[in-house]
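Structure file target_2.cif (mmCIF, C-alpha atoms and all ligand atoms) follows.
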```
data_coords
#
loop_
_atom_site.label_atom_id
_atom_site.label_comp_id
_atom_site.auth_asym_id
_atom_site.auth_seq_id
_atom_site.Cartn_x
_atom_site.Cartn_y
_atom_site.Cartn_z
CA MET Q 208 -55.04 135.21 -2.22
CA VAL Q 209 -56.81 138.56 -2.32
CA GLU Q 210 -58.37 139.25 1.06
CA THR Q 211 -61.37 141.38 0.16
CA SER Q 212 -64.14 140.96 2.65
CA PRO Q 213 -67.36 139.63 1.15
CA GLU Q 214 -70.65 141.30 1.98
CA LEU Q 215 -72.00 138.17 3.60
CA SER Q 216 -70.55 135.15 5.38
CA VAL Q 217 -72.79 132.16 6.01
CA VAL Q 218 -71.63 129.99 8.91
CA VAL Q 219 -73.00 126.45 9.01
CA PRO Q 220 -71.95 123.80 11.56
CA PHE Q 221 -72.16 120.19 10.39
CA PHE Q 222 -71.99 117.09 12.52
CA ASN Q 223 -72.79 113.89 10.60
CA GLU Q 224 -75.05 115.61 8.08
CA THR Q 225 -74.10 113.70 4.89
CA GLY Q 226 -77.64 113.51 3.51
CA ASN Q 227 -78.37 117.19 4.07
CA ILE Q 228 -75.39 118.81 2.43
CA ASP Q 229 -76.43 118.74 -1.24
CA PRO Q 230 -80.08 119.70 -0.52
CA LEU Q 231 -78.87 122.58 1.64
CA PHE Q 232 -76.66 124.06 -1.07
CA GLN Q 233 -79.41 123.51 -3.66
CA ARG Q 234 -81.59 125.87 -1.65
CA LEU Q 235 -79.00 128.22 -0.22
CA LEU Q 236 -77.05 129.06 -3.40
CA PRO Q 237 -80.09 130.40 -5.34
CA VAL Q 238 -81.00 132.60 -2.37
CA LEU Q 239 -77.48 134.05 -2.30
CA ASP Q 240 -77.68 134.56 -6.07
CA SER Q 241 -80.97 136.39 -5.82
CA LEU Q 242 -79.57 138.71 -3.17
CA GLY Q 243 -76.74 139.59 -5.53
CA VAL Q 244 -74.19 139.96 -2.73
CA THR Q 245 -70.65 138.68 -2.64
CA ALA Q 246 -70.70 135.80 -0.21
CA GLU Q 247 -68.68 133.05 1.38
CA ILE Q 248 -70.10 129.94 2.99
CA ILE Q 249 -68.09 128.69 5.94
CA CYS Q 250 -68.84 125.05 6.58
CA ILE Q 251 -67.57 123.74 9.88
CA ASP Q 252 -67.14 119.99 9.97
CA ASP Q 253 -67.44 119.42 13.71
CA GLY Q 254 -65.63 116.08 13.82
CA SER Q 255 -68.17 114.16 11.73
CA LYS Q 256 -67.79 110.39 11.59
CA ASP Q 257 -69.58 109.94 8.25
CA ASP Q 258 -68.51 111.37 4.90
CA THR Q 259 -69.71 114.92 5.66
CA HIS Q 260 -66.21 116.25 5.04
CA GLU Q 261 -65.85 114.56 1.65
CA ARG Q 262 -69.26 115.86 0.61
CA LEU Q 263 -68.37 119.40 1.62
CA ILE Q 264 -65.12 119.23 -0.35
CA ALA Q 265 -67.05 117.90 -3.34
CA ALA Q 266 -69.52 120.80 -3.06
CA ARG Q 267 -66.62 123.21 -3.47
CA LYS Q 268 -66.28 122.08 -7.08
CA GLN Q 269 -69.62 123.74 -7.91
CA ALA Q 270 -69.24 126.71 -5.59
CA PRO Q 271 -65.72 127.89 -4.76
CA MET Q 272 -67.23 130.39 -2.31
CA ILE Q 273 -67.58 127.40 0.04
CA ARG Q 274 -64.80 127.25 2.64
CA VAL Q 275 -64.49 123.98 4.53
CA VAL Q 276 -63.11 124.04 8.05
CA LYS Q 277 -62.40 120.72 9.73
CA LEU Q 278 -62.20 120.71 13.51
CA SER Q 279 -59.87 118.15 15.04
CA ARG Q 280 -62.75 116.40 16.85
CA ASN Q 281 -66.37 116.97 17.81
CA PHE Q 282 -66.34 120.13 19.93
CA GLY Q 283 -70.10 120.72 19.93
CA LYS Q 284 -72.29 123.10 18.00
CA GLU Q 285 -71.47 126.20 20.05
CA ALA Q 286 -67.72 125.77 19.58
CA ALA Q 287 -68.25 125.07 15.88
CA ILE Q 288 -70.22 128.30 15.49
CA THR Q 289 -67.55 130.18 17.45
CA SER Q 290 -64.87 128.94 15.05
CA GLY Q 291 -67.02 130.03 12.11
CA LEU Q 292 -67.46 133.52 13.55
CA ASP Q 293 -63.71 133.79 14.11
CA ILE Q 294 -62.99 132.86 10.50
CA ALA Q 295 -65.81 134.80 8.84
CA ARG Q 296 -64.67 137.89 6.94
CA GLY Q 297 -68.07 139.16 5.83
CA LYS Q 298 -69.58 142.54 6.62
CA ALA Q 299 -72.57 140.54 7.87
CA VAL Q 300 -72.69 136.96 9.11
CA LEU Q 301 -75.58 134.53 8.88
CA ILE Q 302 -75.57 131.54 11.22
CA MET Q 303 -77.76 128.61 10.24
CA ASP Q 304 -78.09 124.87 10.87
CA GLY Q 305 -76.97 122.38 8.28
CA ASP Q 306 -80.06 120.17 8.47
CA LEU Q 307 -82.43 122.54 6.61
CA GLN Q 308 -84.51 123.24 9.71
CA HIS Q 309 -83.65 126.87 9.07
CA PRO Q 310 -85.13 127.74 5.67
CA PRO Q 311 -82.49 129.67 3.66
CA GLU Q 312 -85.21 131.84 2.06
CA VAL Q 313 -85.67 133.67 5.39
CA LEU Q 314 -82.32 135.30 4.68
CA ILE Q 315 -84.07 137.69 2.29
CA PRO Q 316 -86.23 139.47 4.92
CA MET Q 317 -83.32 139.22 7.35
CA MET Q 318 -81.07 141.09 4.93
CA GLU Q 319 -83.73 143.78 4.55
CA ALA Q 320 -83.82 144.31 8.30
CA LEU Q 321 -80.02 144.43 8.47
CA ASN Q 322 -79.94 147.02 5.70
CA ARG Q 323 -82.35 149.10 7.75
CA GLY Q 324 -79.62 149.28 10.38
CA ILE Q 325 -80.57 146.41 12.72
CA ASP Q 326 -77.49 144.66 14.13
CA VAL Q 327 -78.95 141.35 15.23
CA VAL Q 328 -81.77 139.89 13.14
CA TYR Q 329 -82.88 136.61 14.63
CA GLY Q 330 -85.19 133.95 13.36
CA LEU Q 331 -88.12 133.32 15.66
CA ARG Q 332 -89.88 129.96 15.37
CA LYS Q 333 -93.56 130.57 14.70
CA SER Q 334 -94.62 127.28 16.20
CA ARG Q 335 -92.88 124.58 18.14
CA LYS Q 336 -94.62 121.76 16.36
CA THR Q 337 -91.39 119.86 15.84
CA ASP Q 338 -90.85 119.94 19.59
CA GLY Q 339 -93.48 117.56 20.93
CA ALA Q 340 -95.68 117.76 24.01
CA VAL Q 341 -92.90 117.56 26.58
CA ARG Q 342 -90.21 119.78 25.09
CA GLY Q 343 -92.45 122.76 24.33
CA PRO Q 344 -93.72 123.53 27.86
CA LEU Q 345 -90.36 122.62 29.39
CA SER Q 346 -88.49 125.03 27.19
CA ASN Q 347 -91.02 127.81 27.87
CA MET Q 348 -90.38 127.25 31.57
CA PHE Q 349 -86.65 127.55 30.95
CA TYR Q 350 -87.03 130.93 29.23
CA ARG Q 351 -89.11 132.24 32.13
CA ILE Q 352 -86.61 131.11 34.75
CA PHE Q 353 -83.72 132.44 32.69
CA ALA Q 354 -85.33 135.88 32.31
CA GLN Q 355 -85.98 136.06 36.05
CA THR Q 356 -82.54 135.00 37.21
CA SER Q 357 -80.18 136.65 34.76
CA GLU Q 358 -79.56 140.21 33.65
CA VAL Q 359 -80.62 139.56 30.07
CA ALA Q 360 -83.76 137.92 28.71
CA ILE Q 361 -83.65 135.59 25.74
CA PRO Q 362 -86.73 135.48 23.54
CA ALA Q 363 -88.48 132.09 23.59
CA GLY Q 364 -88.19 130.46 20.18
CA ALA Q 365 -85.04 132.29 19.11
CA GLY Q 366 -81.97 130.18 18.43
CA ASP Q 367 -78.78 130.22 16.46
CA PHE Q 368 -80.52 131.11 13.19
CA ARG Q 369 -79.57 134.76 12.91
CA LEU Q 370 -77.93 137.45 10.84
CA LEU Q 371 -75.36 139.62 12.60
CA SER Q 372 -73.71 142.86 11.58
CA ARG Q 373 -69.92 143.05 11.65
CA ARG Q 374 -69.89 145.01 14.88
CA ALA Q 375 -72.20 142.47 16.54
CA VAL Q 376 -69.86 139.67 15.42
CA ASP Q 377 -66.86 141.57 16.77
CA ALA Q 378 -68.70 142.06 20.07
CA LEU Q 379 -69.34 138.31 20.29
CA LYS Q 380 -65.71 137.60 19.48
CA SER Q 381 -64.61 139.87 22.31
CA LEU Q 382 -66.33 137.65 24.91
CA PRO Q 383 -63.56 135.41 26.19
CA GLU Q 384 -65.52 132.73 28.02
CA GLN Q 385 -64.91 129.09 27.32
CA ASN Q 386 -68.44 128.11 28.33
CA ARG Q 387 -70.25 129.39 25.31
CA PHE Q 388 -73.96 129.56 25.97
CA MET Q 389 -74.59 131.26 22.64
CA LYS Q 390 -78.27 132.11 23.19
CA GLY Q 391 -77.27 134.11 26.21
CA LEU Q 392 -74.27 135.71 24.53
CA TYR Q 393 -76.36 136.95 21.59
CA ALA Q 394 -78.63 138.73 24.04
CA TRP Q 395 -75.81 139.96 26.25
CA ILE Q 396 -74.06 141.96 23.51
CA GLY Q 397 -77.11 144.21 23.14
CA PHE Q 398 -77.45 146.37 19.96
CA SER Q 399 -80.69 146.74 18.06
CA GLN Q 400 -82.30 143.34 17.68
CA GLN Q 401 -85.26 142.32 15.59
CA ALA Q 402 -87.17 139.07 15.17
CA ILE Q 403 -88.16 137.59 11.83
CA PRO Q 404 -90.77 134.86 12.37
CA TYR Q 405 -90.27 131.66 10.37
CA GLU Q 406 -91.78 128.23 10.21
CA VAL Q 407 -89.22 125.73 11.46
CA GLU Q 408 -88.96 122.75 9.14
CA GLN Q 409 -88.50 119.09 9.93
CA ARG Q 410 -84.89 118.01 9.91
CA ARG Q 411 -84.34 116.60 6.40
CA THR Q 412 -82.46 113.44 7.19
CA GLY Q 413 -80.66 112.05 10.21
CA ALA Q 414 -81.57 112.57 13.84
CA SER Q 415 -81.28 115.52 16.19
CA LYS Q 416 -78.36 115.18 18.54
CA TRP Q 417 -80.47 116.52 21.37
CA SER Q 418 -82.09 114.11 23.79
CA LEU Q 419 -84.25 115.37 26.64
CA GLY Q 420 -81.35 114.76 29.03
CA HIS Q 421 -79.08 116.94 26.88
CA LEU Q 422 -81.68 119.68 26.89
CA PHE Q 423 -81.88 119.64 30.68
CA ALA Q 424 -78.12 119.84 30.95
CA TYR Q 425 -78.12 122.69 28.41
CA ALA Q 426 -80.79 124.65 30.30
CA TRP Q 427 -78.96 124.23 33.60
CA HIS Q 428 -75.72 125.22 31.92
CA GLY Q 429 -77.39 128.35 30.57
CA ILE Q 430 -78.71 129.43 33.93
CA VAL Q 431 -75.47 128.75 35.77
CA SER Q 432 -73.44 130.62 33.12
CA PHE Q 433 -75.60 133.71 33.26
CA SER Q 434 -76.83 134.01 36.81
CA THR Q 435 -75.51 134.02 40.34
CA VAL Q 436 -78.98 133.52 41.80
CA PRO Q 437 -78.44 129.78 42.45
CA LEU Q 438 -75.35 130.74 44.48
CA ARG Q 439 -77.03 133.45 46.47
CA VAL Q 440 -80.36 131.85 47.40
CA TRP Q 441 -78.57 129.95 50.16
CA SER Q 442 -78.00 133.09 52.22
CA PHE Q 443 -81.75 133.57 52.11
CA PHE Q 444 -82.44 129.96 53.12
CA GLY Q 445 -79.81 130.20 55.85
CA GLY Q 446 -81.25 133.41 57.27
CA PHE Q 447 -84.78 132.05 57.13
CA THR Q 448 -83.81 128.81 58.92
CA ALA Q 449 -81.87 130.74 61.56
CA VAL Q 450 -84.89 132.93 62.34
CA LEU Q 451 -87.13 129.85 62.53
CA ALA Q 452 -84.61 128.14 64.83
CA LEU Q 453 -84.50 131.17 67.11
CA ILE Q 454 -88.30 131.31 67.39
CA TYR Q 455 -88.37 127.60 68.09
CA ALA Q 456 -85.68 127.93 70.77
CA VAL Q 457 -87.61 130.69 72.55
CA TRP Q 458 -90.74 128.55 72.39
CA ILE Q 459 -88.96 125.49 73.86
CA VAL Q 460 -87.38 127.45 76.68
CA ALA Q 461 -90.68 129.10 77.53
CA LYS Q 462 -92.54 125.78 77.38
CA THR Q 463 -89.98 124.05 79.62
CA LEU Q 464 -90.13 126.90 82.15
CA VAL Q 465 -93.92 126.78 82.32
CA LEU Q 466 -94.68 123.06 81.91
CA GLY Q 467 -91.44 121.52 83.15
CA ARG Q 468 -89.39 118.94 81.32
CA ASP Q 469 -90.91 117.50 78.16
CA THR Q 470 -90.42 114.04 76.60
CA PRO Q 471 -87.53 114.17 74.11
CA GLY Q 472 -88.72 114.98 70.57
CA TYR Q 473 -86.90 112.37 68.51
CA ALA Q 474 -88.99 112.92 65.35
CA THR Q 475 -88.47 116.67 65.39
CA LEU Q 476 -84.75 116.23 65.85
CA ALA Q 477 -84.39 113.66 63.09
CA THR Q 478 -86.42 115.73 60.64
CA ALA Q 479 -84.45 118.85 61.38
CA ILE Q 480 -81.12 117.07 60.94
CA PHE Q 481 -82.10 115.43 57.65
CA PHE Q 482 -83.69 118.57 56.27
CA LEU Q 483 -80.74 120.79 57.10
CA GLY Q 484 -78.26 118.10 55.99
CA GLY Q 485 -80.06 117.91 52.66
CA LEU Q 486 -80.04 121.67 52.23
CA GLN Q 487 -76.35 121.83 53.03
CA LEU Q 488 -75.45 119.10 50.55
CA LEU Q 489 -77.53 120.80 47.89
CA SER Q 490 -75.86 124.14 48.44
CA ILE Q 491 -72.41 122.55 48.40
CA GLY Q 492 -73.38 120.86 45.13
CA ILE Q 493 -74.36 124.20 43.63
CA LEU Q 494 -71.09 125.72 44.81
CA GLY Q 495 -69.39 122.81 43.05
CA GLU Q 496 -71.16 123.67 39.79
CA TYR Q 497 -69.72 127.16 39.85
CA ILE Q 498 -66.28 126.04 40.98
CA ALA Q 499 -66.22 123.52 38.11
CA ARG Q 500 -66.88 126.39 35.71
CA ILE Q 501 -64.20 128.55 37.29
CA PHE Q 502 -61.83 125.60 36.92
CA ALA Q 503 -62.74 125.20 33.23
CA GLU Q 504 -62.31 128.92 32.59
CA THR Q 505 -58.95 129.20 34.36
CA LYS Q 506 -57.42 126.47 32.20
CA ARG Q 507 -57.83 128.89 29.31
CA ARG Q 508 -57.90 126.19 26.71
CA PRO Q 509 -58.86 127.18 23.18
CA ILE Q 510 -62.55 126.68 22.42
CA TYR Q 511 -61.81 124.56 19.35
CA ILE Q 512 -58.87 123.23 17.36
CA ILE Q 513 -58.80 123.50 13.57
CA GLU Q 514 -57.30 120.53 11.79
CA ASP Q 515 -57.53 121.88 8.28
CA ILE Q 516 -59.12 124.62 6.15
CA GLN Q 517 -59.85 124.29 2.46
CA GLN Q 518 -60.68 127.48 0.66
CA GLY Q 519 -60.01 129.40 -2.51
CA PRO Q 520 -60.17 127.82 -5.96
CA PRO Q 521 -61.04 124.11 -5.56
CA ASP Q 522 -58.16 122.86 -7.75
CA ALA Q 523 -55.86 124.02 -4.95
CA ASP Q 524 -57.33 121.27 -2.72
CA ALA Q 525 -54.90 118.55 -1.80
N1 LIG Q 601 -74.07 120.21 15.30
C1 LIG Q 601 -72.70 120.38 15.40
N2 LIG Q 601 -72.03 119.75 16.42
C2 LIG Q 601 -72.66 118.97 17.33
C3 LIG Q 601 -74.08 118.82 17.22
C4 LIG Q 601 -74.74 119.45 16.20
O1 LIG Q 601 -72.08 121.07 14.61
O2 LIG Q 601 -72.00 118.42 18.21
C5 LIG Q 601 -74.80 120.88 14.19
C6 LIG Q 601 -75.71 119.96 13.38
O3 LIG Q 601 -75.01 119.34 12.35
C7 LIG Q 601 -76.75 120.93 12.86
C8 LIG Q 601 -76.87 121.95 13.98
O4 LIG Q 601 -75.66 121.84 14.75
O5 LIG Q 601 -76.31 121.59 11.68
C9 LIG Q 601 -78.08 121.70 14.85
O6 LIG Q 601 -78.02 120.40 15.38
P1 LIG Q 601 -79.31 119.50 15.63
O7 LIG Q 601 -80.15 119.48 14.39
O8 LIG Q 601 -78.82 118.20 16.14
O9 LIG Q 601 -80.03 120.30 16.78
P2 LIG Q 601 -81.58 120.73 16.85
O10 LIG Q 601 -81.97 121.26 15.50
O11 LIG Q 601 -82.32 119.51 17.22
O12 LIG Q 601 -81.57 121.80 17.90
MG MG Q 602 -81.78 120.45 13.74
#
```

Starting from the coordinates I provided, produce the structure as C-alpha cells.
Amino acid sequence: MVETSPELSVVVPFFNETGNIDPLFQRLLPVLDSLGVTAEIICIDDGSKDDTHERLIAARKQAPMIRVVKLSRNFGKEAAITSGLDIARGKAVLIMDGDLQHPPEVLIPMMEALNRGIDVVYGLRKSRKTDGAVRGPLSNMFYRIFAQTSEVAIPAGAGDFRLLSRRAVDALKSLPEQNRFMKGLYAWIGFSQQAIPYEVEQRRTGASKWSLGHLFAYAWHGIVSFSTVPLRVWSFFGGFTAVLALIYAVWIVAKTLVLGRDTPGYATLATAIFFLGGLQLLSIGILGEYIARIFAETKRRPIYIIEDIQQGPPDADA
C-alpha cells in the first residue's frame, strides 16, 4: 500500500456506540468533503460489546478512508485516543467523540486556525447545559484546584475535542507515561493554543459512561498525576503541629511550676491522639496513591493492545 500521509487524520474512540456510527459519518463525511483535504478516519473500537465493530466495518464500504482499529479489550477512552494518535499519519489530527456531542462542523473554523499556524486548536464548550446542577460547579472547582496545584493550567470546558498539528501529536507521543491524563498532557506540551467555542450537543443515543463517582476518581487521578502538592503538604502540617506542640509544652510546664500539679487532661490527650492518628493515616494513604502510580509506571506495560486493524480498500477485509 502506498504510504502517503493524508492532510488530516480524524481519531474517534468508540465504546458501545452502535446507534451513533451511521449518523456520525453522515455528518462528518460532508464536512471533510467541503474542506477538500485528503483524510483518513481512524475508528478505535475500544472493546465494544455490541455490534460497533461490525457497523464500523460496514461503513468502510462507503468510505474506504475509514480505518478500523480493534483493541483487544476495553482500555478506556484515553488509551483508545493514544492508540489513534500512534496510528494516525496525517499532517494534522482531529480528535472527537463518537457520540456526536462534538459537532463535526466545528472542524471548519478549527482548520482555519491551524492554517494560521496554531498547533493546538481546542473546542471549548460554550455552556455546560448537558452537565446538570451538580457536575457543573464540581468540575469548575476541579479546574481551579488543578491550576493551583500543578505547573500547567487546563482551560475549564476544554476536552478531547481538538485539532493538533503534526508536531503537537509527536510531542504527545513522546510522553511515555502509562497514566494518561490527556487533558493535562495537551496543556503540558505547550505550543500555541487557541480555543474555538462550540455548543456541546446531547449524546445522540446510548448513555455516557461517566457516573459522578467516575468523575471524582478522574479528577483525583488528574491532580495526583500532575502535582506533588498532595505529597508535600504533610511537611507543612507536620511543622505546624510541632510548633503548636512546643508552645503547648512550654505552657504546661509553666502552668505546673506556678500552680502545681493539675488534674490529668484525658479529653485533651484523646483528641490529640485521634487527630494526629487521623492525619498520619491520611498522609500514608496519599503516599500510597503515589506509590501505586510508581508501581504502575515501573511495570512498563503497553497502554493498549491492538487485536486487529482493517484499512485500505474494503474488499481486502477478511
Ligand atoms: N469511550 C471509549 N472507551 C471508554 C469510554 C468511552 O472509547 O471506555 C468513547 C465513547 O464511545 C465516546 C467518547 O469516548 O466516543 C466519550 O465517551 P462518553 O460519551 O461516555 O463521555 P462523555 O461525553 O460523557 O464525557
Ligand atoms: Mg459523550

Which region 263-362 of chain Q residues have any atom within 8 Å of an atom of region 414-435 of chain Q, and for each, what is the nearest pair of atoms with distance in Å to one decimal, counting all atoms listed in the file, rows sorted by chain and number, as a Markdown table?
```
| residue | atom | partner | partner_atom | distance |
| --- | --- | --- | --- | --- |
| Q:Arg342 | CA | Q:Leu419 | CA | 7.6 |
| Q:Phe349 | CA | Q:Ala426 | CA | 6.6 |
| Q:Phe353 | CA | Q:Ile430 | CA | 6.0 |
| Q:Thr356 | CA | Q:Ser434 | CA | 5.8 |
| Q:Ser357 | CA | Q:Ser434 | CA | 4.7 |
| Q:Glu358 | CA | Q:Ser434 | CA | 7.5 |
```

Check your understanding: Any idea what's packed within 7 Å of Ala287 (chain Q), counting only C-alpha atoms, ignoring anything in its chain fewer than 4 positions away? Could you give it as a PyMOL selection string?
Key -> chain Q and resi 220+251+253+282-283+291

Could the residues of chain Q that have an atom at most 9 Å from ligand LIG 601 (chain Q) be listed as CSV, each with its closest atom pair and the distance in Å to one decimal, counting all atoms listed in the file and ordered by chain and ascending residue number?
```
residue,atom,partner,partner_atom,distance
Q:Val219,CA,Q:LIG601,O5,6.5
Q:Pro220,CA,Q:LIG601,O1,4.1
Q:Phe221,CA,Q:LIG601,O3,3.6
Q:Phe222,CA,Q:LIG601,O3,3.8
Q:Asn223,CA,Q:LIG601,O3,6.1
Q:Glu224,CA,Q:LIG601,O3,5.7
Q:Ile251,CA,Q:LIG601,O1,7.1
Q:Asp252,CA,Q:LIG601,O1,6.9
Q:Asp253,CA,Q:LIG601,O1,5.0
Q:Gly254,CA,Q:LIG601,N2,7.8
Q:Ser255,CA,Q:LIG601,N2,8.3
Q:Asn281,CA,Q:LIG601,O2,5.8
Q:Phe282,CA,Q:LIG601,O2,6.2
Q:Gly283,CA,Q:LIG601,O2,3.4
Q:Lys284,CA,Q:LIG601,N2,3.7
Q:Glu285,CA,Q:LIG601,N2,7.4
Q:Ala286,CA,Q:LIG601,N2,8.0
Q:Ala287,CA,Q:LIG601,O1,5.7
Q:Ile288,CA,Q:LIG601,O1,7.5
Q:Met303,CA,Q:LIG601,O5,7.3
Q:Asp304,CA,Q:LIG601,O5,3.8
Q:Gly305,CA,Q:LIG601,O5,3.6
Q:Asp306,CA,Q:LIG601,O5,5.1
Q:Leu307,CA,Q:LIG601,O5,8.0
Q:Gln308,CA,Q:LIG601,O10,6.6
Q:His309,CA,Q:LIG601,O10,8.7
Q:Asp338,CA,Q:LIG601,O11,8.9
Q:Gly366,CA,Q:LIG601,O12,8.4
Q:Asp367,CA,Q:LIG601,C9,8.7
Q:Gln409,CA,Q:LIG601,O10,8.9
Q:Arg410,CA,Q:LIG601,O7,6.7
Q:Gly413,CA,Q:LIG601,O7,8.5
Q:Ala414,CA,Q:LIG601,O8,6.7
Q:Ser415,CA,Q:LIG601,O8,3.6
Q:Lys416,CA,Q:LIG601,O8,3.9
Q:Trp417,CA,Q:LIG601,O11,5.4
Q:Ser418,CA,Q:LIG601,O11,8.5
```

### Task
May I ask for the distance between CA of Gly484 (chain Q) and CA of Leu438 (chain Q), given in Å to one decimal place?
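A separation of 17.3 Å between them.
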
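Take the candidates Q:Ile294, Q:Phe444, Q:Ala270, Q:Val327 and check each one against Gln487 (chain Q) using only C-alpha atoms; the shortest distance goes to Q:Phe444.
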
Could you tell me, as number ranges by chain, which residues have any atom at most 7 Å from (-68.6, 133.4, 0.3), counting all atoms listed in the file? Q: 213, 215-216, 245-248, 272-273

| message | Give me, as a list in words, all polymer residues having an atom no more than 9 Å from Ala363 (chain Q), counting only C-alpha atoms and skipping those fewer than 5 positions away in the same chain. | response |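 Those residues are Leu331, Arg332, Ser346, Asn347, Phe349, Tyr350 and Arg351 of chain Q.
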
From the list Q:Gln401, Q:Asn322, Q:Thr412, Q:Ser212, the nearest residue to Gly226 (chain Q) using only C-alpha atoms is Q:Thr412

Discussion item. Give me, as an NGL selection string, all polymer residues having an atom no more than 9 Å from Phe232 (chain Q), counting only C-alpha atoms and skipping those fewer than 5 positions away in the same chain.
Written reply: :Q and (227 or 237 or 266)

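Distances from Q:Trp458, Q:Phe502, Q:Phe368, Q:Tyr497 to ligand MG 602 (chain Q) were compared using all atoms listed in the file, and the smallest one belongs to Q:Phe368.
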
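Distance annotation: of Q:Met318, Q:Ala340, Q:Ala360, Q:Leu392, the residue with the minimal separation from Leu239 (chain Q) is Q:Met318; atom set is only C-alpha atoms.
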
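Proximity to ligand MG 602 (chain Q) was assessed for Q:Ile491, Q:Val407, Q:Met348, Q:Ala394 counting only C-alpha atoms and all ligand atoms; the smallest distance is recorded for Q:Val407.
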
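What separates CA of Gly519 (chain Q) from CA of Arg234 (chain Q) is a distance of 21.9 Å.
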
As a check of understanding: the span from CA of Leu370 (chain Q) to CA of Gln400 (chain Q) is 10.0 Å

Of Q:Tyr473, Q:Val359, Q:Pro230, Q:Arg411, the one nearest to ligand MG 602 (chain Q) when counting all atoms listed in the file is Q:Arg411

Take every atom of region 254-263 of chain Q listed in the file, fit an axis-aligned box around them, add 6 Å per side, and give the centre and edge lengths in Å to one decimal as JSON.
```
{"center_x": -67.7, "center_y": 114.7, "center_z": 7.2, "size_x": 16.1, "size_y": 21.5, "size_z": 25.2}
```

> Neighbours of Asp326 (chain Q) within 6 Å (only C-alpha atoms; same-chain residues fewer than 4 positions away dropped), as a list in words?
Replying inline: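 Contacts, with the query itself left out: Leu371, Ser372 and Ser399 of chain Q.
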
Written record: region 495-513 of chain Q, N, CA and C atoms, as a PDB file, in the first residue's frame:
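selection-v1.pdb, freshly written:
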```
ATOM      1  N   GLY Q 495       0.523   6.297  49.525  1.00  0.00           N
ATOM      2  CA  GLY Q 495       0.116   5.074  48.816  1.00  0.00           C
ATOM      3  C   GLY Q 495      -0.353   5.381  47.399  1.00  0.00           C
ATOM      4  N   GLU Q 496      -1.110   6.471  47.248  1.00  0.00           N
ATOM      5  CA  GLU Q 496      -1.601   6.837  45.922  1.00  0.00           C
ATOM      6  C   GLU Q 496      -0.444   7.037  44.939  1.00  0.00           C
ATOM      7  N   TYR Q 497       0.578   7.711  45.421  1.00  0.00           N
ATOM      8  CA  TYR Q 497       1.724   7.958  44.543  1.00  0.00           C
ATOM      9  C   TYR Q 497       2.527   6.688  44.307  1.00  0.00           C
ATOM     10  N   ILE Q 498       2.691   5.895  45.372  1.00  0.00           N
ATOM     11  CA  ILE Q 498       3.448   4.652  45.199  1.00  0.00           C
ATOM     12  C   ILE Q 498       2.725   3.733  44.212  1.00  0.00           C
ATOM     13  N   ALA Q 499       1.392   3.710  44.287  1.00  0.00           N
ATOM     14  CA  ALA Q 499       0.621   2.877  43.358  1.00  0.00           C
ATOM     15  C   ALA Q 499       0.905   3.312  41.926  1.00  0.00           C
ATOM     16  N   ARG Q 500       1.026   4.625  41.721  1.00  0.00           N
ATOM     17  CA  ARG Q 500       1.303   5.108  40.365  1.00  0.00           C
ATOM     18  C   ARG Q 500       2.724   4.769  39.937  1.00  0.00           C
ATOM     19  N   ILE Q 501       3.661   4.873  40.879  1.00  0.00           N
ATOM     20  CA  ILE Q 501       5.043   4.494  40.545  1.00  0.00           C
ATOM     21  C   ILE Q 501       5.069   3.021  40.148  1.00  0.00           C
ATOM     22  N   PHE Q 502       4.345   2.209  40.906  1.00  0.00           N
ATOM     23  CA  PHE Q 502       4.258   0.776  40.637  1.00  0.00           C
ATOM     24  C   PHE Q 502       3.722   0.528  39.220  1.00  0.00           C
ATOM     25  N   ALA Q 503       2.611   1.235  38.897  1.00  0.00           N
ATOM     26  CA  ALA Q 503       2.016   1.056  37.568  1.00  0.00           C
ATOM     27  C   ALA Q 503       2.993   1.486  36.471  1.00  0.00           C
ATOM     28  N   GLU Q 504       3.703   2.595  36.708  1.00  0.00           N
ATOM     29  CA  GLU Q 504       4.630   3.075  35.681  1.00  0.00           C
ATOM     30  C   GLU Q 504       5.808   2.124  35.503  1.00  0.00           C
ATOM     31  N   THR Q 505       6.311   1.567  36.612  1.00  0.00           N
ATOM     32  CA  THR Q 505       7.526   0.750  36.502  1.00  0.00           C
ATOM     33  C   THR Q 505       7.254  -0.568  35.793  1.00  0.00           C
ATOM     34  N   LYS Q 506       5.995  -1.006  35.774  1.00  0.00           N
ATOM     35  CA  LYS Q 506       5.705  -2.258  35.055  1.00  0.00           C
ATOM     36  C   LYS Q 506       5.904  -2.087  33.554  1.00  0.00           C
ATOM     37  N   ARG Q 507       5.822  -0.844  33.107  1.00  0.00           N
ATOM     38  CA  ARG Q 507       6.044  -0.529  31.703  1.00  0.00           C
ATOM     39  C   ARG Q 507       5.223  -1.387  30.752  1.00  0.00           C
ATOM     40  N   ARG Q 508       3.988  -1.584  31.105  1.00  0.00           N
ATOM     41  CA  ARG Q 508       3.109  -2.312  30.193  1.00  0.00           C
ATOM     42  C   ARG Q 508       2.700  -1.400  29.062  1.00  0.00           C
ATOM     43  N   PRO Q 509       2.383  -1.956  27.901  1.00  0.00           N
ATOM     44  CA  PRO Q 509       1.860  -1.094  26.829  1.00  0.00           C
ATOM     45  C   PRO Q 509       0.536  -0.471  27.269  1.00  0.00           C
ATOM     46  N   ILE Q 510       0.194   0.668  26.674  1.00  0.00           N
ATOM     47  CA  ILE Q 510      -1.008   1.391  27.081  1.00  0.00           C
ATOM     48  C   ILE Q 510      -2.260   0.715  26.513  1.00  0.00           C
ATOM     49  N   TYR Q 511      -2.083   0.018  25.413  1.00  0.00           N
ATOM     50  CA  TYR Q 511      -3.223  -0.661  24.770  1.00  0.00           C
ATOM     51  C   TYR Q 511      -2.677  -1.831  23.966  1.00  0.00           C
ATOM     52  N   ILE Q 512      -3.542  -2.764  23.616  1.00  0.00           N
ATOM     53  CA  ILE Q 512      -3.142  -3.860  22.730  1.00  0.00           C
ATOM     54  C   ILE Q 512      -4.104  -3.871  21.541  1.00  0.00           C
ATOM     55  N   ILE Q 513      -3.534  -3.877  20.344  1.00  0.00           N
ATOM     56  CA  ILE Q 513      -4.369  -3.906  19.140  1.00  0.00           C
ATOM     57  C   ILE Q 513      -4.625  -5.351  18.742  1.00  0.00           C
TER      58      ILE Q 513
END
```
